[in-house]
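final.cif follows (mmCIF, C-alpha atoms):
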data_target
#
loop_
_atom_site.label_atom_id
_atom_site.label_comp_id
_atom_site.auth_asym_id
_atom_site.auth_seq_id
_atom_site.Cartn_x
_atom_site.Cartn_y
_atom_site.Cartn_z
CA MET A 1 39.16 8.11 -5.68
CA SER A 2 37.31 7.92 -8.99
CA ALA A 3 34.05 6.00 -9.31
CA VAL A 4 34.17 2.54 -10.82
CA SER A 5 32.94 2.05 -14.42
CA GLU A 6 30.79 -0.66 -16.00
CA ALA A 7 33.77 -1.82 -18.06
CA GLU A 8 35.84 -2.32 -14.90
CA VAL A 9 33.04 -4.29 -13.27
CA LEU A 10 32.70 -6.58 -16.28
CA GLU A 11 36.46 -7.07 -16.42
CA ALA A 12 36.44 -8.14 -12.76
CA LEU A 13 33.55 -10.52 -13.37
CA LYS A 14 35.45 -12.16 -16.23
CA ARG A 15 37.75 -13.59 -13.57
CA VAL A 16 34.82 -15.50 -12.00
CA VAL A 17 34.40 -18.97 -13.53
CA ASP A 18 31.24 -21.05 -13.32
CA PRO A 19 32.63 -24.51 -12.43
CA ASP A 20 29.61 -26.29 -13.92
CA LEU A 21 29.74 -24.56 -17.31
CA GLY A 22 33.52 -24.16 -17.52
CA GLY A 23 33.66 -20.51 -18.51
CA ASN A 24 33.61 -17.05 -16.99
CA VAL A 25 30.24 -15.58 -16.13
CA VAL A 26 30.53 -12.70 -18.61
CA SER A 27 31.49 -14.79 -21.64
CA LEU A 28 28.74 -17.27 -20.78
CA GLY A 29 26.19 -14.43 -20.87
CA LEU A 30 25.10 -14.96 -17.27
CA ILE A 31 25.35 -11.30 -16.23
CA SER A 32 22.34 -9.04 -16.89
CA GLY A 33 20.88 -5.78 -15.63
CA LEU A 34 24.25 -4.29 -14.69
CA VAL A 35 23.85 -0.88 -13.05
CA VAL A 36 26.73 1.25 -11.75
CA LYS A 37 25.85 4.46 -9.97
CA GLN A 38 28.19 6.53 -7.81
CA GLY A 39 30.14 3.49 -6.64
CA ASN A 40 27.06 1.33 -6.02
CA VAL A 41 26.91 -1.75 -8.24
CA GLY A 42 23.98 -4.06 -8.93
CA PHE A 43 23.53 -6.94 -11.36
CA ALA A 44 21.71 -10.22 -11.87
CA ILE A 45 23.20 -13.66 -12.55
CA GLU A 46 21.01 -15.77 -14.84
CA VAL A 47 20.96 -19.41 -13.72
CA ASP A 48 18.99 -22.55 -14.41
CA PRO A 49 15.94 -22.63 -12.09
CA LYS A 50 16.88 -26.13 -10.92
CA GLU A 51 20.38 -24.99 -9.96
CA GLY A 52 19.42 -21.87 -8.01
CA PRO A 53 20.36 -23.00 -4.46
CA ARG A 54 23.65 -24.54 -5.68
CA LYS A 55 24.70 -21.28 -7.33
CA GLU A 56 24.90 -19.26 -4.13
CA PRO A 57 28.74 -19.68 -3.96
CA LEU A 58 28.92 -18.31 -7.52
CA ARG A 59 26.86 -15.28 -6.51
CA LYS A 60 29.14 -14.61 -3.55
CA ALA A 61 32.24 -15.00 -5.73
CA CYS A 62 30.86 -12.39 -8.16
CA GLU A 63 30.16 -9.96 -5.32
CA LYS A 64 33.61 -10.50 -3.85
CA ALA A 65 35.31 -9.89 -7.21
CA VAL A 66 33.53 -6.57 -7.69
CA GLU A 67 33.95 -5.46 -4.06
CA ALA A 68 37.72 -5.64 -4.52
CA LEU A 69 37.65 -2.90 -7.17
CA PRO A 70 38.74 0.62 -6.11
CA GLY A 71 35.82 3.02 -5.92
CA VAL A 72 33.17 0.39 -5.17
CA LEU A 73 30.97 1.30 -2.19
CA SER A 74 28.44 -1.52 -2.32
CA VAL A 75 27.60 -4.57 -4.44
CA THR A 76 24.22 -6.28 -4.81
CA ALA A 77 24.13 -9.46 -6.90
CA VAL A 78 21.00 -11.59 -7.21
CA LEU A 79 20.30 -14.94 -8.83
CA THR A 80 17.46 -14.86 -11.34
CA ALA A 81 15.94 -17.65 -13.40
CA HIS A 82 13.76 -17.32 -16.47
CA ARG A 83 11.45 -20.31 -16.54
CA PRO A 84 10.31 -21.56 -19.93
CA ALA A 85 6.58 -22.02 -20.33
CA PRO A 86 5.41 -25.63 -19.78
CA ALA A 87 5.08 -27.70 -22.95
CA GLY A 88 1.88 -26.96 -24.76
CA GLU A 89 1.20 -23.77 -22.81
CA ARG A 90 0.50 -20.76 -24.96
CA PRO A 91 2.13 -17.41 -24.15
CA ARG A 92 -0.03 -14.97 -22.23
CA GLN A 93 -2.21 -12.76 -24.34
CA ALA A 94 -4.35 -9.77 -23.57
CA PRO A 95 -7.82 -10.79 -22.33
CA PRO A 96 -10.53 -10.87 -24.99
CA GLN A 97 -12.60 -7.73 -25.35
CA GLY A 98 -15.18 -7.57 -22.62
CA GLN A 99 -13.36 -10.05 -20.35
CA PRO A 100 -11.96 -8.56 -17.12
CA ALA A 101 -8.19 -8.43 -16.77
CA SER A 102 -8.50 -10.16 -13.37
CA ALA A 103 -9.43 -13.37 -15.16
CA GLN A 104 -5.87 -13.53 -16.55
CA ARG A 105 -4.08 -13.28 -13.16
CA PRO A 106 -2.92 -16.70 -11.96
CA GLU A 107 -4.02 -17.55 -8.44
CA ILE A 108 -1.59 -18.14 -5.56
CA PRO A 109 -2.32 -21.58 -4.05
CA GLY A 110 -3.42 -21.46 -0.42
CA ILE A 111 -4.14 -17.73 -0.32
CA ARG A 112 -7.82 -16.86 -0.13
CA ALA A 113 -7.55 -13.08 -0.65
CA ILE A 114 -4.81 -10.60 -1.55
CA ILE A 115 -5.19 -6.89 -0.82
CA ALA A 116 -2.88 -4.06 -1.84
CA VAL A 117 -2.14 -1.10 0.40
CA ALA A 118 -1.04 1.69 -1.92
CA SER A 119 -0.41 5.41 -2.15
CA GLY A 120 0.08 7.82 -5.01
CA LYS A 121 3.25 9.21 -3.39
CA GLY A 122 5.75 8.40 -0.67
CA GLY A 123 5.80 9.80 2.84
CA VAL A 124 2.11 9.35 3.68
CA GLY A 125 2.57 6.45 6.13
CA LYS A 126 1.54 3.68 3.76
CA SER A 127 3.81 1.00 5.25
CA THR A 128 2.84 1.86 8.83
CA THR A 129 -0.81 1.61 7.83
CA ALA A 130 -0.23 -1.69 6.00
CA VAL A 131 1.52 -3.28 9.00
CA ASN A 132 -1.09 -2.23 11.54
CA LEU A 133 -3.91 -3.19 9.18
CA ALA A 134 -2.40 -6.66 8.75
CA LEU A 135 -2.04 -7.09 12.51
CA GLY A 136 -5.58 -5.79 13.00
CA LEU A 137 -6.84 -8.50 10.64
CA ALA A 138 -4.81 -11.08 12.59
CA VAL A 139 -6.39 -9.87 15.84
CA ARG A 140 -9.75 -10.72 14.26
CA GLY A 141 -8.59 -14.33 13.99
CA LEU A 142 -7.54 -14.34 10.32
CA ARG A 143 -4.42 -16.07 9.06
CA VAL A 144 -2.41 -13.17 7.67
CA GLY A 145 0.75 -12.74 5.61
CA MET A 146 2.57 -9.64 4.40
CA LEU A 147 4.54 -9.07 1.20
CA ASP A 148 6.80 -6.02 1.14
CA ALA A 149 6.65 -5.07 -2.55
CA ASP A 150 8.50 -1.80 -1.93
CA ILE A 151 11.83 -3.06 -3.30
CA TYR A 152 13.58 0.31 -3.13
CA GLY A 153 12.52 1.06 0.44
CA PRO A 154 11.68 -2.17 2.28
CA SER A 155 10.51 -1.47 5.82
CA LEU A 156 8.81 -4.64 7.07
CA PRO A 157 11.89 -6.10 8.83
CA ARG A 158 12.24 -3.02 11.05
CA MET A 159 8.51 -2.44 11.60
CA LEU A 160 7.81 -6.07 12.46
CA GLY A 161 10.96 -6.44 14.56
CA ILE A 162 12.31 -9.33 12.48
CA ALA A 163 16.02 -10.02 11.92
CA GLY A 164 17.78 -12.74 9.96
CA LYS A 165 17.42 -14.30 6.53
CA PRO A 166 14.79 -16.72 5.22
CA VAL A 167 15.73 -20.36 4.63
CA SER A 168 14.60 -22.93 2.09
CA LYS A 169 13.77 -26.44 3.26
CA ASP A 170 13.47 -27.94 -0.21
CA GLY A 171 15.84 -25.72 -2.19
CA LYS A 172 12.94 -24.39 -4.26
CA ARG A 173 10.71 -22.25 -2.02
CA MET A 174 11.68 -19.84 0.74
CA GLU A 175 10.13 -20.02 4.17
CA PRO A 176 8.58 -16.69 5.23
CA MET A 177 9.74 -14.91 8.36
CA ARG A 178 7.38 -14.78 11.36
CA ASN A 179 6.49 -12.43 14.19
CA TRP A 180 3.41 -11.09 15.96
CA GLY A 181 1.33 -14.00 14.64
CA ILE A 182 1.82 -13.26 10.93
CA VAL A 183 4.23 -14.38 8.20
CA ALA A 184 6.16 -11.94 6.02
CA MET A 185 8.58 -11.67 3.12
CA SER A 186 10.63 -8.63 2.15
CA MET A 187 13.72 -7.76 0.14
CA GLY A 188 14.92 -6.30 3.44
CA PHE A 189 15.43 -9.87 4.68
CA LEU A 190 17.69 -10.68 1.73
CA VAL A 191 20.04 -7.66 1.54
CA PRO A 192 21.64 -5.49 4.25
CA GLU A 193 19.47 -2.61 5.44
CA ASP A 194 21.89 0.07 4.19
CA THR A 195 22.37 -1.44 0.72
CA PRO A 196 20.88 0.80 -1.99
CA MET A 197 18.65 -0.96 -4.52
CA ILE A 198 19.52 0.43 -7.95
CA TRP A 199 17.79 -2.18 -10.08
CA ARG A 200 15.94 -1.53 -13.29
CA GLY A 201 12.35 -2.59 -13.91
CA PRO A 202 12.89 -6.20 -15.13
CA MET A 203 15.07 -7.06 -12.12
CA VAL A 204 12.49 -5.58 -9.75
CA MET A 205 9.64 -7.56 -11.30
CA SER A 206 11.67 -10.78 -11.24
CA ALA A 207 12.38 -10.31 -7.54
CA LEU A 208 8.72 -9.54 -6.78
CA GLU A 209 7.52 -12.60 -8.69
CA GLN A 210 9.92 -14.80 -6.73
CA MET A 211 8.92 -13.34 -3.36
CA LEU A 212 5.26 -13.82 -4.20
CA ARG A 213 5.19 -17.20 -5.93
CA GLU A 214 8.29 -18.94 -4.54
CA VAL A 215 7.51 -18.53 -0.84
CA ASN A 216 5.85 -21.20 1.25
CA TRP A 217 2.99 -18.98 2.45
CA GLY A 218 0.93 -21.94 3.66
CA GLU A 219 -2.81 -21.43 4.11
CA LEU A 220 -3.67 -17.73 4.45
CA ASP A 221 -6.98 -15.92 4.70
CA VAL A 222 -5.38 -12.64 3.63
CA LEU A 223 -2.05 -11.58 2.13
CA VAL A 224 -1.46 -7.84 2.60
CA VAL A 225 0.84 -6.35 -0.05
CA ASP A 226 2.67 -3.16 0.89
CA MET A 227 2.90 -1.65 -2.60
CA PRO A 228 5.66 0.70 -3.80
CA PRO A 229 4.55 4.35 -3.70
CA GLY A 230 3.45 5.96 -6.95
CA THR A 231 1.91 4.68 -10.17
CA GLY A 232 4.90 3.62 -12.25
CA ASP A 233 5.71 0.45 -14.16
CA ALA A 234 6.34 -1.72 -11.08
CA GLN A 235 3.02 -0.74 -9.50
CA LEU A 236 1.06 -1.22 -12.69
CA THR A 237 2.66 -4.59 -13.43
CA MET A 238 1.96 -5.81 -9.90
CA ALA A 239 -1.68 -4.79 -10.25
CA GLN A 240 -1.91 -6.64 -13.55
CA ARG A 241 -0.08 -9.83 -12.54
CA VAL A 242 -1.32 -10.38 -8.99
CA PRO A 243 -4.88 -11.62 -8.39
CA LEU A 244 -5.80 -8.75 -6.09
CA THR A 245 -9.09 -8.98 -4.23
CA GLY A 246 -9.04 -5.24 -3.60
CA ALA A 247 -6.94 -2.19 -2.79
CA VAL A 248 -6.75 0.31 0.05
CA ILE A 249 -5.48 3.81 -0.79
CA VAL A 250 -3.57 5.73 1.90
CA SER A 251 -3.35 9.52 1.76
CA THR A 252 -2.78 12.49 4.00
CA PRO A 253 -5.37 15.31 4.02
CA GLN A 254 -3.50 17.97 2.05
CA ASP A 255 -4.37 18.66 -1.57
CA ILE A 256 -1.03 17.62 -3.11
CA ALA A 257 -1.24 14.14 -1.53
CA LEU A 258 -4.87 13.74 -2.57
CA LEU A 259 -4.02 14.53 -6.19
CA ASP A 260 -1.61 11.59 -6.18
CA ALA A 261 -4.12 9.41 -4.32
CA ARG A 262 -6.58 9.96 -7.18
CA LYS A 263 -3.97 8.67 -9.63
CA GLY A 264 -3.43 5.53 -7.57
CA LEU A 265 -7.14 4.87 -7.28
CA ASN A 266 -7.70 5.33 -11.01
CA MET A 267 -4.79 2.99 -11.81
CA PHE A 268 -6.46 0.14 -9.92
CA ARG A 269 -9.79 0.83 -11.56
CA LYS A 270 -8.22 0.68 -15.02
CA VAL A 271 -6.84 -2.80 -14.35
CA ASP A 272 -10.12 -4.06 -12.89
CA VAL A 273 -9.06 -4.15 -9.22
CA PRO A 274 -11.81 -3.14 -6.75
CA VAL A 275 -10.86 -0.18 -4.56
CA PHE A 276 -12.10 -0.74 -1.01
CA GLY A 277 -11.66 2.92 -0.12
CA ILE A 278 -9.37 5.70 1.06
CA VAL A 279 -7.75 6.06 4.50
CA GLU A 280 -6.84 9.52 5.78
CA ASN A 281 -3.54 9.08 7.62
CA MET A 282 -2.05 11.83 9.85
CA SER A 283 -5.59 13.16 9.92
CA TYR A 284 -5.21 15.30 13.04
CA PHE A 285 -2.96 15.85 16.04
CA SER A 286 -4.14 15.92 19.65
CA CYS A 287 -1.71 17.45 22.13
CA PRO A 288 -0.90 14.80 24.79
CA ASN A 289 -0.60 17.51 27.46
CA CYS A 290 -3.59 19.80 26.97
CA GLY A 291 -5.73 17.77 24.56
CA HIS A 292 -5.90 20.60 22.00
CA ARG A 293 -6.56 19.29 18.49
CA ALA A 294 -4.62 20.70 15.53
CA ASP A 295 -5.21 19.82 11.87
CA ILE A 296 -1.57 20.08 10.88
CA PHE A 297 -2.05 18.71 7.36
CA SER A 298 -5.61 20.03 6.95
CA HIS A 299 -8.49 17.65 7.60
CA GLY A 300 -11.29 15.86 5.79
CA GLY A 301 -9.73 15.97 2.34
CA ALA A 302 -9.67 12.19 1.93
CA LYS A 303 -13.34 11.89 2.83
CA ARG A 304 -14.31 14.54 0.29
CA THR A 305 -12.14 12.87 -2.35
CA ALA A 306 -13.75 9.50 -1.65
CA GLU A 307 -17.19 11.03 -2.11
CA GLU A 308 -16.16 12.70 -5.37
CA LEU A 309 -14.69 9.48 -6.75
CA GLY A 310 -17.54 7.28 -5.62
CA CYS A 311 -15.61 5.05 -3.23
CA ASP A 312 -15.78 4.40 0.51
CA PHE A 313 -14.02 6.43 3.17
CA LEU A 314 -12.33 3.99 5.54
CA GLY A 315 -11.58 6.33 8.42
CA GLU A 316 -9.04 8.62 10.02
CA ILE A 317 -5.69 7.69 11.57
CA PRO A 318 -4.31 10.39 13.89
CA LEU A 319 -0.80 11.82 13.84
CA HIS A 320 0.71 10.57 17.08
CA MET A 321 4.20 9.99 18.43
CA ASP A 322 3.29 6.55 19.77
CA ILE A 323 2.57 5.28 16.25
CA ARG A 324 6.00 6.41 15.08
CA GLU A 325 7.85 5.08 18.13
CA THR A 326 6.23 1.65 18.07
CA SER A 327 6.79 1.30 14.32
CA ASP A 328 10.46 2.26 14.55
CA GLY A 329 10.88 -0.08 17.52
CA GLY A 330 9.44 -3.14 15.76
CA GLU A 331 6.42 -3.27 18.08
CA PRO A 332 3.44 -1.99 16.04
CA ILE A 333 0.89 -0.16 18.12
CA VAL A 334 -1.95 -2.60 17.38
CA VAL A 335 -0.14 -5.36 19.28
CA SER A 336 2.01 -3.38 21.70
CA ARG A 337 -0.67 -0.92 22.91
CA PRO A 338 -3.99 -2.46 21.85
CA GLY A 339 -6.06 -0.34 24.22
CA SER A 340 -4.85 2.99 22.87
CA GLU A 341 -7.05 5.21 20.73
CA GLN A 342 -4.53 4.94 17.92
CA ALA A 343 -4.68 1.13 17.93
CA LYS A 344 -8.48 1.26 17.98
CA ALA A 345 -8.42 3.40 14.83
CA TYR A 346 -6.44 0.68 13.03
CA LEU A 347 -8.73 -2.03 14.40
CA ARG A 348 -11.76 -0.19 13.01
CA LEU A 349 -9.97 0.00 9.68
CA ALA A 350 -9.28 -3.75 9.81
CA GLU A 351 -12.95 -4.44 10.53
CA MET A 352 -14.06 -2.39 7.51
CA VAL A 353 -11.49 -4.01 5.24
CA ALA A 354 -12.45 -7.52 6.43
CA GLU A 355 -16.08 -6.80 5.56
CA ARG A 356 -15.11 -5.61 2.08
CA ILE A 357 -12.91 -8.66 1.49
CA GLU A 358 -15.87 -10.95 2.18
CA ARG A 359 -18.11 -8.84 -0.02
CA ALA A 360 -15.59 -8.88 -2.88
CA LEU A 361 -15.06 -12.65 -2.61
CA GLY A 362 -18.81 -13.14 -2.63
CA GLU A 363 -19.19 -11.01 -5.74
CA GLN A 364 -16.39 -12.90 -7.49
CA ALA A 365 -18.05 -16.21 -6.65
CA GLY A 366 -21.34 -14.86 -7.96
CA ARG A 367 -19.72 -14.07 -11.32
CA ALA A 368 -18.48 -17.64 -11.72
CA PRO A 369 -20.26 -19.63 -14.44
CA ARG A 370 -22.86 -22.16 -13.32
CA ILE A 371 -22.61 -25.75 -14.54
CA VAL A 372 -26.00 -27.16 -15.46
CA ILE A 373 -26.40 -30.91 -15.88
CA GLN A 374 -29.28 -31.89 -18.15
#
Encoding of this model in structure tokens:
Amino acid sequence: MSAVSEAEVLEALKRVVDPDLGGNVVSLGLISGLVVKQGNVGFAIEVDPKEGPRKEPLRKACEKAVEALPGVLSVTAVLTAHRPAPAGERPRQAPPQGQPASAQRPEIPGIRAIIAVASGKGGVGKSTTAVNLALGLAVRGLRVGMLDADIYGPSLPRMLGIAGKPVSKDGKRMEPMRNWGIVAMSMGFLVPEDTPMIWRGPMVMSALEQMLREVNWGELDVLVVDMPPGTGDAQLTMAQRVPLTGAVIVSTPQDIALLDARKGLNMFRKVDVPVFGIVENMSYFSCPNCGHRADIFSHGGAKRTAEELGCDFLGEIPLHMDIRETSDGGEPIVVSRPGSEQAKAYLRLAEMVAERIERALGEQAGRAPRIVIQ
């Protein structure tokens, strides 16, 4: 069976009529970002922001039309809305020379601090660290939320043991999912787990903006953002658009991972985001039978890198089977085995990050202009 082509997909979509506009979705120009790759199809349907919830049947009709084509393995269609700027509002411009870029990032109402957990490359345990850090902050009594910004590899639903899809009470904002005392939002809640995300940059950023700013987060002390791995366009744009209080860099001890960690750290510095420090994940392995310690991925590299780059070293997280098992099982080790040495390592990390959040917020408040009444 031959793979489907873009022309065939568009021809199928021409048979889908928008009942409100009285024409097919292709002729009306509603289809954008079409990607066809080895039988996997993805596209966006541009709709009026006010009509978003009502257009769900149209989205399903588009998916159904494409799924019927021979050679199609999966279809992912999303509704996107480009909002015009409010009347009188000027388009965003680069900050004036000498003004920090952070001053241009619009705040998220109700969220006191936002921290990014990032890595220069994949496979270093960033998401596992982000989840256990968030739960460690919640254990300290903070109101915590998590945003899974890793569109291509969302892992929060599985790691937090959450199933189902978010709902919207007002048709405008989604309600976050909840478990283990925190709230969370992830693309993994919106598409099936085995659906490949083959979106291009603009579609990714649109989805991230909606998950960040169109979710009823409520009042949060901290929102932990599990960033995509690497330092590409999506990561840079997130760092520029989101009012981040600070960033935590996750790396393993070996040289190749630390090279990428340096890139991630320097990216945040260039966009005026404070880097709280580096965490050395999979730092060492202790045999559960004999207690022998083995530095499988070397050891101490993250601490040396932190010293060289002039940032803090936030500690070591061991390589241990319990961390993997609890993460895969949706019962993170911080909450399922709080007395273990592995959980205590994450709790120490949470304590250090909480201190740096308060310090960063204090410094930001100190930079605010004073109003003097004469």
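For the set A:Pro253, A:Gly181, A:Pro57, A:Gly110, the residue with the smallest atom-to-atom gap to Ala134 in chain A is A:Gly181, counting all atoms listed in the file.
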*Return as an MDAnalysis selection string the set of residues that the PyMOL selection byres ((chain A and resi 321) around 12) yields on the displayed structure.*
chainID A and resid 282 285:288 318:320 322:328 333 342
*CA of Ser5 in chain A to CA of Gly71 in chain A: how many Å, to one decimal?*
9.0 Å
For Glu11 in chain A, work out the shell of residues within 12 Å, counting all atoms listed in the file and skipping chain neighbours fewer than 3 positions away, then give it as a short mmCIF file (atom, residue, chain, number, x, y, z; two decimals) with C-alpha atoms, in the coordinates of the input.
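What landed in result_17.cif:
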data_model
loop_
_atom_site.label_atom_id
_atom_site.label_comp_id
_atom_site.auth_asym_id
_atom_site.auth_seq_id
_atom_site.Cartn_x
_atom_site.Cartn_y
_atom_site.Cartn_z
CA VAL A 4 34.17 2.54 -10.82
CA SER A 5 32.94 2.05 -14.42
CA GLU A 6 30.79 -0.66 -16.00
CA ALA A 7 33.77 -1.82 -18.06
CA GLU A 8 35.84 -2.32 -14.90
CA LYS A 14 35.45 -12.16 -16.23
CA ARG A 15 37.75 -13.59 -13.57
CA VAL A 16 34.82 -15.50 -12.00
CA ASN A 24 33.61 -17.05 -16.99
CA VAL A 25 30.24 -15.58 -16.13
CA VAL A 26 30.53 -12.70 -18.61
CA SER A 27 31.49 -14.79 -21.64
CA ILE A 31 25.35 -11.30 -16.23
CA CYS A 62 30.86 -12.39 -8.16
CA ALA A 65 35.31 -9.89 -7.21
CA VAL A 66 33.53 -6.57 -7.69
CA LEU A 69 37.65 -2.90 -7.17
#
Might you spell out which residues the PyMOL selection byres ((chain A and resi 165-168) around 9) would select in the displayed file, as a PDB file with C-alpha atoms, in the frame of the given file?
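Final file, part-v8.pdb:
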ATOM      1  CA  PRO A  53      20.360 -23.000  -4.460  1.00  0.00           C
ATOM      2  CA  ALA A 163      16.020 -10.020  11.920  1.00  0.00           C
ATOM      3  CA  GLY A 164      17.780 -12.740   9.960  1.00  0.00           C
ATOM      4  CA  LYS A 169      13.770 -26.440   3.260  1.00  0.00           C
ATOM      5  CA  ASP A 170      13.470 -27.940  -0.210  1.00  0.00           C
ATOM      6  CA  GLY A 171      15.840 -25.720  -2.190  1.00  0.00           C
ATOM      7  CA  LYS A 172      12.940 -24.390  -4.260  1.00  0.00           C
ATOM      8  CA  ARG A 173      10.710 -22.250  -2.020  1.00  0.00           C
ATOM      9  CA  MET A 174      11.680 -19.840   0.740  1.00  0.00           C
ATOM     10  CA  GLU A 175      10.130 -20.020   4.170  1.00  0.00           C
ATOM     11  CA  PRO A 176       8.580 -16.690   5.230  1.00  0.00           C
ATOM     12  CA  MET A 177       9.740 -14.910   8.360  1.00  0.00           C
ATOM     13  CA  MET A 185       8.580 -11.670   3.120  1.00  0.00           C
ATOM     14  CA  GLY A 188      14.920  -6.300   3.440  1.00  0.00           C
ATOM     15  CA  PHE A 189      15.430  -9.870   4.680  1.00  0.00           C
ATOM     16  CA  LEU A 190      17.690 -10.680   1.730  1.00  0.00           C
ATOM     17  CA  VAL A 191      20.040  -7.660   1.540  1.00  0.00           C
ATOM     18  CA  VAL A 215       7.510 -18.530  -0.840  1.00  0.00           C
ATOM     19  CA  ASN A 216       5.850 -21.200   1.250  1.00  0.00           C
TER      20      ASN A 216
END
*asked:* For this structure, which residues satisfy the selection - the PyMOL selection byres ((chain A and resi 353-355) around 12) - when it is evaluated on the file as given? I want them as a PyMOL selection string.
replied: chain A and resi 113-117+130+133-134+136-142+144+221-224+245-249+275-279+312-315+346-352+356-362
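For the residues A:Lys50, A:Arg262, A:Arg213, A:His292, ranking by smallest atom-to-atom distance to Ala306 in chain A using all atoms listed in the file places A:Arg262 first.
Atom pair CA of Val78 in chain A / CA of Leu13 in chain A: separated by 14.0 Å.
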*Ala44 in chain A surroundings by only C-alpha atoms, 7 Å radius, close-in-sequence under 2 positions cut, as JSON, numbers by chain*: {"A": [31, 32, 33, 46, 77, 78, 79, 80]}
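What separates CA of Val36 in chain A from CA of Asp48 in chain A is a distance of 25.2 Å.
If only C-alpha atoms are the atoms counted, then among A:Leu258, A:Val242, A:Val204, A:Ala365 the closest residue to Val273 in chain A is A:Val242.
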*Using all atoms listed in the file, pick whichever of A:Gly291, A:Gly29, A:Gly23, A:Gly145 has the shortest atom-to-atom distance to Asp226 in chain A.*
A:Gly145
*Top pick for closest residue to Ile182 in chain A, considering A:Leu309, A:Val335, A:Leu265, A:Leu244 and counting only C-alpha atoms*: A:Val335
List every protein, DNA or RNA residue with an atom no more than 7 Å from (-2.2, -19.6, 4.1) in the file's coordinates, counting all atoms listed in the file, and format the result as an mmCIF file with C-alpha atoms, keeping the file's coordinate frame.
data_model
loop_
_atom_site.group_PDB
_atom_site.id
_atom_site.type_symbol
_atom_site.label_atom_id
_atom_site.label_comp_id
_atom_site.auth_asym_id
_atom_site.auth_seq_id
_atom_site.Cartn_x
_atom_site.Cartn_y
_atom_site.Cartn_z
ATOM 1 C CA GLY A 110 -3.420 -21.460 -0.420
ATOM 2 C CA ILE A 111 -4.140 -17.730 -0.320
ATOM 3 C CA ARG A 143 -4.420 -16.070 9.060
ATOM 4 C CA TRP A 217 2.990 -18.980 2.450
ATOM 5 C CA GLY A 218 0.930 -21.940 3.660
ATOM 6 C CA GLU A 219 -2.810 -21.430 4.110
ATOM 7 C CA LEU A 220 -3.670 -17.730 4.450
ATOM 8 C CA ASP A 221 -6.980 -15.920 4.700
#
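Between Leu147 in chain A and the residues A:Ala118, A:Leu212, A:Ala61, A:Ala294, the shortest atom-to-atom distance, using only C-alpha atoms, involves A:Leu212.
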Kindly add N, CA and C atoms to the incomplete range 132-145 of chain A and provide the output as a PDB file, keeping the file's coordinate frame.
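Saved as rebuild.pdb:
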ATOM      1  N   ASN A 132      -0.069  -2.215  10.487  1.00  0.00           N
ATOM      2  CA  ASN A 132      -1.090  -2.230  11.540  1.00  0.00           C
ATOM      3  C   ASN A 132      -2.421  -2.769  11.043  1.00  0.00           C
ATOM      4  N   LEU A 133      -2.717  -2.579   9.754  1.00  0.00           N
ATOM      5  CA  LEU A 133      -3.910  -3.190   9.180  1.00  0.00           C
ATOM      6  C   LEU A 133      -3.779  -4.708   9.185  1.00  0.00           C
ATOM      7  N   ALA A 134      -2.614  -5.218   8.765  1.00  0.00           N
ATOM      8  CA  ALA A 134      -2.400  -6.660   8.750  1.00  0.00           C
ATOM      9  C   ALA A 134      -2.532  -7.258  10.155  1.00  0.00           C
ATOM     10  N   LEU A 135      -1.945  -6.586  11.134  1.00  0.00           N
ATOM     11  CA  LEU A 135      -2.040  -7.090  12.510  1.00  0.00           C
ATOM     12  C   LEU A 135      -3.463  -6.956  13.042  1.00  0.00           C
ATOM     13  N   GLY A 136      -4.180  -5.916  12.611  1.00  0.00           N
ATOM     14  CA  GLY A 136      -5.580  -5.790  13.000  1.00  0.00           C
ATOM     15  C   GLY A 136      -6.417  -6.920  12.439  1.00  0.00           C
ATOM     16  N   LEU A 137      -6.135  -7.350  11.216  1.00  0.00           N
ATOM     17  CA  LEU A 137      -6.840  -8.500  10.640  1.00  0.00           C
ATOM     18  C   LEU A 137      -6.489  -9.781  11.396  1.00  0.00           C
ATOM     19  N   ALA A 138      -5.217  -9.899  11.822  1.00  0.00           N
ATOM     20  CA  ALA A 138      -4.810 -11.080  12.590  1.00  0.00           C
ATOM     21  C   ALA A 138      -5.503 -11.115  13.944  1.00  0.00           C
ATOM     22  N   VAL A 139      -5.680  -9.946  14.564  1.00  0.00           N
ATOM     23  CA  VAL A 139      -6.390  -9.870  15.840  1.00  0.00           C
ATOM     24  C   VAL A 139      -7.820 -10.397  15.695  1.00  0.00           C
ATOM     25  N   ARG A 140      -8.397 -10.237  14.521  1.00  0.00           N
ATOM     26  CA  ARG A 140      -9.750 -10.720  14.260  1.00  0.00           C
ATOM     27  C   ARG A 140      -9.794 -12.227  14.023  1.00  0.00           C
ATOM     28  N   GLY A 141      -8.638 -12.881  14.124  1.00  0.00           N
ATOM     29  CA  GLY A 141      -8.590 -14.330  13.990  1.00  0.00           C
ATOM     30  C   GLY A 141      -8.252 -14.826  12.595  1.00  0.00           C
ATOM     31  N   LEU A 142      -7.884 -13.926  11.675  1.00  0.00           N
ATOM     32  CA  LEU A 142      -7.540 -14.340  10.320  1.00  0.00           C
ATOM     33  C   LEU A 142      -6.078 -14.762  10.242  1.00  0.00           C
ATOM     34  N   ARG A 143      -5.800 -15.665   9.337  1.00  0.00           N
ATOM     35  CA  ARG A 143      -4.420 -16.070   9.060  1.00  0.00           C
ATOM     36  C   ARG A 143      -3.873 -15.085   8.032  1.00  0.00           C
ATOM     37  N   VAL A 144      -2.844 -14.333   8.446  1.00  0.00           N
ATOM     38  CA  VAL A 144      -2.410 -13.170   7.670  1.00  0.00           C
ATOM     39  C   VAL A 144      -0.938 -13.289   7.288  1.00  0.00           C
ATOM     40  N   GLY A 145      -0.627 -12.876   6.062  1.00  0.00           N
ATOM     41  CA  GLY A 145       0.750 -12.740   5.610  1.00  0.00           C
ATOM     42  C   GLY A 145       0.966 -11.346   5.062  1.00  0.00           C
TER      43      GLY A 145
END
